[in-house]
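*Asks:* File follows, run_14.tsv with TSV, N, CA and C atoms and all ligand atoms:
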chain	number	residue	atom	x	y	z
A	8	MET	N	10.90	-10.88	-3.97
A	8	MET	CA	9.73	-10.24	-4.59
A	8	MET	C	9.31	-9.02	-3.79
A	9	PRO	N	9.06	-7.93	-4.46
A	9	PRO	CA	8.72	-6.69	-3.73
A	9	PRO	C	7.39	-6.81	-2.97
A	10	THR	N	7.31	-6.03	-1.95
A	10	THR	CA	6.10	-5.96	-1.16
A	10	THR	C	5.47	-4.59	-1.33
A	11	TYR	N	4.18	-4.60	-1.53
A	11	TYR	CA	3.47	-3.33	-1.66
A	11	TYR	C	2.46	-3.22	-0.54
A	12	GLU	N	2.32	-2.03	-0.04
A	12	GLU	CA	1.37	-1.81	1.03
A	12	GLU	C	0.12	-1.15	0.45
A	13	PHE	N	-1.00	-1.68	0.88
A	13	PHE	CA	-2.27	-1.14	0.39
A	13	PHE	C	-3.17	-0.78	1.55
A	14	HIS	N	-4.02	0.16	1.29
A	14	HIS	CA	-5.00	0.61	2.28
A	14	HIS	C	-6.38	0.49	1.67
A	15	CYS	N	-7.27	-0.16	2.40
A	15	CYS	CA	-8.63	-0.33	1.92
A	15	CYS	C	-9.45	0.91	2.27
A	16	LYS	N	-10.03	1.51	1.25
A	16	LYS	CA	-10.85	2.69	1.49
A	16	LYS	C	-12.20	2.32	2.08
A	17	GLU	N	-12.54	1.07	1.93
A	17	GLU	CA	-13.85	0.61	2.39
A	17	GLU	C	-13.86	0.41	3.91
A	18	CYS	N	-12.88	-0.33	4.40
A	18	CYS	CA	-12.90	-0.64	5.84
A	18	CYS	C	-11.69	-0.07	6.57
A	19	GLY	N	-10.76	0.50	5.84
A	19	GLY	CA	-9.61	1.12	6.49
A	19	GLY	C	-8.49	0.17	6.83
A	20	TYR	N	-8.60	-1.06	6.36
A	20	TYR	CA	-7.61	-2.06	6.69
A	20	TYR	C	-6.33	-1.87	5.86
A	21	TYR	N	-5.20	-2.09	6.50
A	21	TYR	CA	-3.93	-2.04	5.79
A	21	TYR	C	-3.44	-3.46	5.55
A	22	PHE	N	-2.96	-3.72	4.37
A	22	PHE	CA	-2.41	-5.06	4.11
A	22	PHE	C	-1.28	-4.96	3.11
A	23	GLU	N	-0.52	-6.05	3.07
A	23	GLU	CA	0.61	-6.09	2.16
A	23	GLU	C	0.32	-7.04	1.02
A	24	PHE	N	0.87	-6.69	-0.12
A	24	PHE	CA	0.60	-7.44	-1.34
A	24	PHE	C	1.94	-7.79	-1.98
A	25	PHE	N	2.10	-9.06	-2.26
A	25	PHE	CA	3.36	-9.51	-2.85
A	25	PHE	C	3.15	-9.82	-4.32
A	26	ALA	N	3.95	-9.21	-5.16
A	26	ALA	CA	3.86	-9.49	-6.59
A	26	ALA	C	5.05	-8.86	-7.27
A	27	SER	N	5.29	-9.31	-8.48
A	27	SER	CA	6.29	-8.62	-9.28
A	27	SER	C	5.74	-7.25	-9.65
A	28	ILE	N	6.64	-6.36	-10.04
A	28	ILE	CA	6.19	-5.01	-10.39
A	28	ILE	C	5.16	-5.05	-11.51
A	29	SER	N	5.45	-5.83	-12.55
A	29	SER	CA	4.53	-5.86	-13.68
A	29	SER	C	3.19	-6.47	-13.29
A	30	GLU	N	3.24	-7.47	-12.45
A	30	GLU	CA	1.99	-8.10	-12.01
A	30	GLU	C	1.17	-7.14	-11.16
A	31	LYS	N	1.85	-6.42	-10.30
A	31	LYS	CA	1.15	-5.44	-9.46
A	31	LYS	C	0.51	-4.36	-10.31
A	32	GLU	N	1.26	-3.87	-11.29
A	32	GLU	CA	0.72	-2.83	-12.18
A	32	GLU	C	-0.51	-3.34	-12.92
A	33	ARG	N	-0.42	-4.55	-13.38
A	33	ARG	CA	-1.54	-5.12	-14.13
A	33	ARG	C	-2.76	-5.28	-13.23
A	34	LYS	N	-2.54	-5.82	-12.05
A	34	LYS	CA	-3.66	-6.02	-11.14
A	34	LYS	C	-4.25	-4.69	-10.68
A	35	ALA	N	-3.40	-3.71	-10.52
A	35	ALA	CA	-3.90	-2.39	-10.10
A	35	ALA	C	-4.80	-1.82	-11.18
A	36	LYS	N	-4.38	-1.99	-12.44
A	36	LYS	CA	-5.19	-1.48	-13.55
A	36	LYS	C	-6.52	-2.20	-13.63
A	37	GLU	N	-6.47	-3.49	-13.36
A	37	GLU	CA	-7.69	-4.29	-13.44
A	37	GLU	C	-8.53	-4.20	-12.17
A	38	HIS	N	-8.01	-3.50	-11.18
A	38	HIS	CA	-8.68	-3.39	-9.88
A	38	HIS	C	-8.93	-4.78	-9.29
A	39	SER	N	-7.97	-5.65	-9.49
A	39	SER	CA	-8.15	-7.00	-8.97
A	39	SER	C	-7.36	-7.24	-7.69
A	40	ILE	N	-6.89	-6.16	-7.10
A	40	ILE	CA	-6.29	-6.28	-5.79
A	40	ILE	C	-7.39	-6.03	-4.76
A	41	ALA	N	-7.64	-7.03	-3.96
A	41	ALA	CA	-8.76	-6.92	-3.03
A	41	ALA	C	-8.28	-6.88	-1.59
A	42	CYS	N	-9.04	-6.17	-0.80
A	42	CYS	CA	-8.77	-6.09	0.63
A	42	CYS	C	-8.82	-7.48	1.25
A	43	GLU	N	-7.85	-7.75	2.10
A	43	GLU	CA	-7.81	-9.07	2.73
A	43	GLU	C	-8.91	-9.21	3.78
A	44	GLN	N	-9.41	-8.11	4.23
A	44	GLN	CA	-10.38	-8.17	5.32
A	44	GLN	C	-11.82	-8.17	4.81
A	45	CYS	N	-12.14	-7.26	3.90
A	45	CYS	CA	-13.53	-7.16	3.47
A	45	CYS	C	-13.74	-7.55	2.01
A	46	GLY	N	-12.62	-7.74	1.29
A	46	GLY	CA	-12.74	-8.18	-0.10
A	46	GLY	C	-13.02	-7.07	-1.08
A	47	SER	N	-13.09	-5.86	-0.61
A	47	SER	CA	-13.34	-4.73	-1.51
A	47	SER	C	-12.13	-4.49	-2.41
A	48	ASN	N	-12.40	-4.03	-3.62
A	48	ASN	CA	-11.27	-3.68	-4.49
A	48	ASN	C	-11.02	-2.17	-4.48
A	49	LYS	N	-11.65	-1.49	-3.55
A	49	LYS	CA	-11.40	-0.06	-3.42
A	49	LYS	C	-10.18	0.15	-2.54
A	50	VAL	N	-9.05	-0.20	-3.10
A	50	VAL	CA	-7.83	-0.10	-2.34
A	50	VAL	C	-6.89	0.89	-3.01
A	51	GLU	N	-6.03	1.47	-2.21
A	51	GLU	CA	-5.04	2.38	-2.75
A	51	GLU	C	-3.68	1.97	-2.21
A	52	GLN	N	-2.66	2.19	-3.02
A	52	GLN	CA	-1.33	1.83	-2.57
A	52	GLN	C	-0.83	2.86	-1.58
A	53	VAL	N	-0.15	2.38	-0.57
A	53	VAL	CA	0.37	3.25	0.46
A	53	VAL	C	1.87	3.37	0.29
A	54	PHE	N	2.36	4.58	0.28
A	54	PHE	CA	3.80	4.80	0.24
A	54	PHE	C	4.20	5.39	1.58
A	55	GLY	N	4.77	4.58	2.38
A	55	GLY	CA	5.11	5.05	3.71
A	55	GLY	C	5.84	3.97	4.45
A	56	GLY	N	5.74	3.98	5.73
A	56	GLY	CA	6.53	3.02	6.48
A	56	GLY	C	5.70	2.05	7.29
A	57	PHE	N	4.49	1.81	6.84
A	57	PHE	CA	3.65	0.91	7.61
A	57	PHE	C	3.94	-0.52	7.23
A	58	SER	N	4.25	-1.33	8.20
A	58	SER	CA	4.58	-2.72	7.91
A	58	SER	C	3.75	-3.67	8.74
A	59	ILE	N	2.97	-4.46	8.07
A	59	ILE	CA	2.17	-5.47	8.76
A	59	ILE	C	3.07	-6.58	9.29
A	60	LEU	N	4.12	-6.86	8.54
A	60	LEU	CA	4.97	-8.00	8.87
A	60	LEU	C	5.64	-7.83	10.22
A	61	THR	N	6.10	-6.64	10.51
A	61	THR	CA	6.77	-6.43	11.78
A	61	THR	C	5.80	-5.91	12.83
A	62	GLY	N	4.64	-5.47	12.39
A	62	GLY	CA	3.66	-4.96	13.34
A	62	GLY	C	3.99	-3.60	13.87
A	63	THR	N	4.91	-2.93	13.25
A	63	THR	CA	5.27	-1.61	13.74
A	63	THR	C	4.98	-0.56	12.69
A	64	GLN	N	4.45	0.51	13.15
A	64	GLN	CA	4.19	1.62	12.24
A	64	GLN	C	5.36	2.58	12.34
A	65	VAL	N	6.20	2.52	11.35
A	65	VAL	CA	7.43	3.30	11.41
A	65	VAL	C	7.14	4.78	11.23
A	66	ARG	N	6.48	5.09	10.16
A	66	ARG	CA	6.25	6.50	9.90
A	66	ARG	C	5.15	6.64	8.84
A	67	GLN	N	4.23	7.48	9.10
A	67	GLN	CA	3.27	7.80	8.07
A	67	GLN	C	3.84	8.93	7.23
A	68	ASN	N	3.39	9.00	6.02
A	68	ASN	CA	3.88	10.07	5.16
A	68	ASN	C	3.33	11.40	5.63
A	69	THR	N	4.22	12.22	6.15
A	69	THR	CA	3.80	13.51	6.68
A	69	THR	C	4.07	14.63	5.69
A	70	GLY	N	4.48	14.25	4.50
A	70	GLY	CA	4.82	15.27	3.51
A	70	GLY	C	3.62	16.07	3.08
A	71	GLY	N	3.87	17.29	2.73
A	71	GLY	CA	2.76	18.14	2.35
A	71	GLY	C	2.51	18.15	0.87
A	72	GLY	N	2.30	17.02	0.29
A	72	GLY	CA	1.84	17.05	-1.08
A	72	GLY	C	2.67	16.35	-2.12
A	73	SER	N	3.80	16.87	-2.47
A	73	SER	CA	4.41	16.43	-3.72
A	73	SER	C	5.15	15.12	-3.61
A	74	GLY	N	4.65	14.16	-4.32
A	74	GLY	CA	5.36	12.90	-4.52
A	74	GLY	C	5.66	12.16	-3.24
A	75	CYS	N	6.80	11.51	-3.23
A	75	CYS	CA	7.13	10.62	-2.13
A	75	CYS	C	8.14	11.23	-1.18
A	76	CYS	N	8.50	12.47	-1.41
A	76	CYS	CA	9.59	13.04	-0.62
A	76	CYS	C	9.09	13.69	0.67
A	77	GLY	N	8.20	12.99	1.33
A	77	GLY	CA	7.67	13.53	2.56
A	77	GLY	C	8.37	12.96	3.77
A	78	GLY	N	9.56	12.49	3.62
A	78	GLY	CA	10.29	11.94	4.74
A	78	GLY	C	10.31	10.43	4.75
A	79	GLY	N	9.82	9.82	3.69
A	79	GLY	CA	9.85	8.37	3.60
A	79	GLY	C	11.24	7.88	3.25
A	80	ALA	N	11.34	6.59	3.02
A	80	ALA	CA	12.64	5.99	2.77
A	80	ALA	C	12.99	5.94	1.30
A	81	CYS	N	12.17	6.57	0.48
A	81	CYS	CA	12.35	6.42	-0.95
A	81	CYS	C	13.28	7.44	-1.56
A	82	CYS	N	13.69	8.43	-0.80
A	82	CYS	CA	14.48	9.50	-1.40
A	82	CYS	C	15.92	9.50	-0.86
B	101	ZN	ZN	-11.47	-3.63	3.40
With the file now loaded, output its structure as structure tokens.

*Replies:*
Amino acid sequence: MPTYEFHCKECGYYFEFFASISEKERKAKEHSIACEQCGSNKVEQVFGGFSILTGTQVRQNTGGGSGCCGGGACC
């Protein structure tokens, strides 16, 4: 099952969310993905290399704007 990384705009906490793609899309639309720390649903998906599971911050997206091609692993 894919892992998605989210960032809480409320408290700044990063967390990972496990769900199927369709389930994630649905929950994102419903704003039912909540921060694990403060419970806020003001979360945004993070596309980058931050991994809670390994505890290592591989790389933040340093790209200047367009899409995901800022040096991440997606391209
Ligand atoms: Zn939070």

*Asks:* Got a sec to check which residues lie within 7 Å of ligand ZN 101 (chain B), using all atoms listed in the file, and send them as a PyMOL selection string?

*Replies:* chain A and resi 14-20+41-47

*Asks:* Could you jot down the atom N of Met8 (chain A) to atom N of Ala26 (chain A) separation for me, Å, one decimal place?

*Replies:*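 Here the two named atoms are 7.2 Å from each other.
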
*Asks:* Which residue out of A:Tyr21, A:Lys31, A:Glu12, A:Glu37 has the minimum interatomic distance to Glu51 (chain A) when all atoms listed in the file are used?

*Replies:* A:Glu12

*Asks:* Can you work out the spacing between atom C of Phe13 (chain A) and atom C of Lys36 (chain A) in Å, to one decimal?

*Replies:* 15.6 Å

*Asks:* Kindly give the distance, in Å, that separates CA of Asn48 (chain A) and CA of Glu30 (chain A), rounded to a single decimal.

*Replies:*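 Taking CA of Asn48 (chain A) as the start and CA of Glu30 (chain A) as the end point, the length is 15.9 Å.
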
*Asks:* Box for region 35-39 of chain A: with edges along x, y and z, all listed atoms inside and 5 Å added on each side, what are the centre and edge lengths in Å to one decimal, as AutoDock Vina command-line options?

*Replies:*
--center_x -6.2 --center_y -4.4 --center_z -10.7 --size_x 15.5 --size_y 15.8 --size_z 15.9
